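Undergrad: One structure coming up, written as structure tokens, with questions to follow.
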Amino acid sequence: MVDSPSTSCNQGRGRRSAFLRTSTVAVAGSALAFGGAVAFIAPSANASSHREAPLIANDAQADNTDVYAFVSPDQPNYVTVIANWIPFEEPGGGPNFYPWATQAHYDINLDTNGDSEADVTYRWTFQNQDARGDGKGTFLYNNGVVKNLTDPTLLFKQTYTLTEISGGKSKTLIQGGKVAPSHVGKASMPDYNTLRKQAITGFVAGSGKGRNYVGQADDPFFLDLRVFDLLYGANLSEAGADTLSGFNVNTIAMQIPKSDLGFMNGETVMGVWSTTERPSIRTQGADGSAKYSGNYVQVSRLGNPLVNELVVPANLKDTFNAIPPSVDRTVQPVVDKVLDPELPKLIQAIYGIKAPATPRNDLAAIFLTGLKGLNQPKNVVPSEMLRLNTAIKPTSKPNRLGVLAGDNAGFPNGRRLTDDVVDIAIQAVEGAVKVNADGSPRSVNIVKPLAAGDGVNANDRAFNTTFPYVALPWSGSRVRPGSLLPPMTIPSGQAGSAVPAALSSSPKASASSSALVPVGAAGAGALLALMGAMLFRRERRSSVSAR
């Protein structure tokens with residue numbers, strides 16, 4: 001637990017402390033800063049960083065959804081970084097499913113000295129191996145059972161090149177790495193876990209060895225966005241359902257030896273963010289082809305969860321996606337939103353919970369510099385990124401509330417898959433963490449009226465205990481709850497035997513693919529509604545117990 005005497009925090013309104021004078025930064029925030037972008041936007045559903053900005057909403061292949069960084073629980077001398085792309089992957093989304101873009105740079109960036117610049121960039125680029133044009137051609141993703149990534153029945157395959165970029169030099173770590181495909185269904189891919197294992201590739205990292213996985217996974221982010229409807233009097237029994245249940249993402253997971261992170265002068269804190277780059281020019285041909293040219297430019301960025309959705313004003317969202325963390329502190333309109341967020345004022349007006357005093361030095365410390373003594377680098381330059389103190393050992397009993405619950409191995413010190421960032425965000429925006437002028441924590445106290453959170457405390461699928469840790473993806477043959485179709489059944493031990501090794505014609509659909517119904521909620525509106533729902537439930541329980 002963060003060592004901090006429990007004393008009151010005296011922050012004067014309208015003036016900046018010495019800490020803020022040296023650390024005021026732009027676009028900052030994160031899950032906890034949410035302040036300035038409270039808006040009700042339909043008809044899109046916003047999760048951690050799913051379709052959060054106007055331009056990236058039209059380019060799903062380039063859209064970062066979440067970033068995780070933690071000391072590997074079963075390999076404490078290693079750090080695991082996970083970055084996800086392509087939001088709201090409906091498992092039955094064939095026949096094309098969800099390939100990685102070949103005209104893109106997928107990057108994971110590490111700042112190992114606190115200067116807000118990438119000291120190491122790991123870059124993935126993808127290549128297609130498409131056999132669907134052979135012979136007479138076919139629309140099928142696979143034409144038979146796929147038991148191995150090399151099976152000829154898997155007609156569309158992808159490979160990747162992993163490059164390490166540091167100090168102006170690049171080094172190829174993996175060439176021709178295998179990508180685990182989209183999970184077509186149980187008949188086509190009866191043992192997806194085997195395909196996943198085959199897609200884990202080792203590489204030499206400095207004096208040690210790392211591991212890498214690229215493929216599909218269950219979306220690990222969990223929250224209930226339906227509570228937005230509660231503002232209009234919907235039944236409170238709806239709360240507590242995972243909005244992202246049943247959806248997949250494309251995942252890159254890498255495990256790196258701590259010794260290869262390049263720390264100097266006793267530093268142990270690294271900053272992490274993912275980015276996507278696209279060629280600056282795309283030319284659409286009359287025949288349906290597309291050509292790319294020009295320099296690669298950054299089009300998506302993600303460090304802490306919920307930043308671009310809930311802090312950055314709509315007119316700056318695409319700008320945020322395009323700039324590096326080193327530029328954050330120069331964007332004054334967003335700096336102002338971080339220091340004086342709107343959401344706590346709305347909560348006070350609607351639900352009667354007093355807004356914390358401004359300026360919000362606590363939010364600036366948590367997400368722009370890290371908390372001193374926890375995850376703040378020695379020579380930090382304020383900027384928005386996820387920060388992990390690699391010297392803090394993992395715990396065998398992680399608490400979903402992380403640092404708020406005394407578990408310093410969790411969010412906002414890095415982010416584990418099980419960390420409940422939505423509930424942590426609700427607490428932080430209401431001032432659960434008080435800080436001193438230098439950014440060190442003074443006290444950590446749960447805001448009790450909001451202790452219930454959104455009612456979703458865990459992911460819909462259990463995470464793995466070994467690398468790559470993410471849960472297996474949902475199968476394309478899964479029938480969603482509420483569907484009129486019966487679930488697909490395959491005799492045990494004979495999965496896939498009902499179809500020939502190679503199909504000469506298209507098979508009948510084995511399950512339906514439900515249409516994605518957009519949830520009419522902006523993330524900030526959802527969080528606001530969450531709080532209302534929690535207060536309502538609390539008052540209702542109190543009323544019932546008093547009768």
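Numbering starts fresh at 1 for the residues of each chain in the structure tokens, the chains themselves are lettered A, B, ... in the order given, and ligands are numbered from 1 as they appear.
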Considering only C-alpha atoms, tabulate each residue of stretch 131-234 of chain A that lies at most 9 Å from stretch 96-105 of chain A along with its nearest interatomic pair and the corresponding distance in Å to one decimal; arrange the rows by chain and ascending residue number and present them as a tab-separated table.
TA:
```
residue	atom	partner	partner_atom	distance
A:Phe139	CA	A:Asn96	CA	8.2
A:Leu140	CA	A:Asn96	CA	8.1
A:Tyr141	CA	A:Asn96	CA	6.6
A:Lys157	CA	A:Pro99	CA	8.8
A:Gln158	CA	A:Pro99	CA	7.7
A:Pro181	CA	A:Pro99	CA	7.9
A:Ser182	CA	A:Tyr98	CA	6.3
A:His183	CA	A:Phe97	CA	8.7
A:Val184	CA	A:Phe97	CA	8.0
A:Gln216	CA	A:Tyr98	CA	8.5
```
Undergrad: Give me the residues within 9 Å of stretch 274-285 of chain A as an NGL selection string, counting only C-alpha atoms and dropping any in the same chain fewer than 3 places off.
TA: :A and (62-64 or 66-67 or 83-84 or 103-110 or 288-303 or 321-322)
Undergrad: Write out as a PDB file with C-alpha atoms, in the first residue's frame each polymer residue whose atoms come within 6 Å of A:Asp218, counting only C-alpha atoms; drop sequence neighbours fewer than 5 positions from it.
TA:
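Saved as out-v9.pdb:
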```
ATOM      1  CA  ASN A 248     -13.141 -10.146 -29.552  1.00  0.00           C
ATOM      2  CA  ALA A 471      -8.668 -15.218 -22.615  1.00  0.00           C
ATOM      3  CA  LEU A 472      -9.322 -17.280 -25.720  1.00  0.00           C
ATOM      4  CA  PRO A 473     -11.496 -15.570 -28.334  1.00  0.00           C
TER       5      PRO A 473
END
```
Undergrad: I'd like to know which of A:Pro412, A:Gly185, A:Pro324, A:Gly135 is closest to A:Asp111, using only C-alpha atoms.
TA: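 Distance minimum relative to A:Asp111 lands on A:Pro324.
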Undergrad: How close does each residue of stretch 212-321 of chain A get to stretch 413-418 of chain A, giving the shortest atom pair and distance in Å to one decimal for every residue with an atom at most 10 Å away, counting only C-alpha atoms, sorted by chain and residue number, as CSV?
TA:
```
residue,atom,partner,partner_atom,distance
A:Pro220,CA,A:Leu417,CA,6.5
A:Phe221,CA,A:Leu417,CA,7.8
A:Phe222,CA,A:Thr418,CA,9.2
A:Val269,CA,A:Asn413,CA,9.4
A:Met270,CA,A:Gly414,CA,9.1
A:Gly271,CA,A:Gly414,CA,8.7
A:Val272,CA,A:Gly414,CA,8.5
A:Gly303,CA,A:Gly414,CA,9.9
A:Asn304,CA,A:Arg415,CA,8.6
A:Pro305,CA,A:Arg415,CA,9.3
```
Undergrad: Using DSSP assignments from the backbone, pull out every residue in stretch 198-371 of chain A that falls under strand (DSSP E or B) and give it to me as an MDAnalysis selection string.
TA: chainID A and resid 200:205 208:218 248:257 269:284 290:302
Undergrad: What separation in Å, quoted to one decimal, exists between atom CA of A:Gly92 and atom CA of A:Ser477?
TA: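 Between atom CA of A:Gly92 and atom CA of A:Ser477 the gap works out to 6.6 Å.
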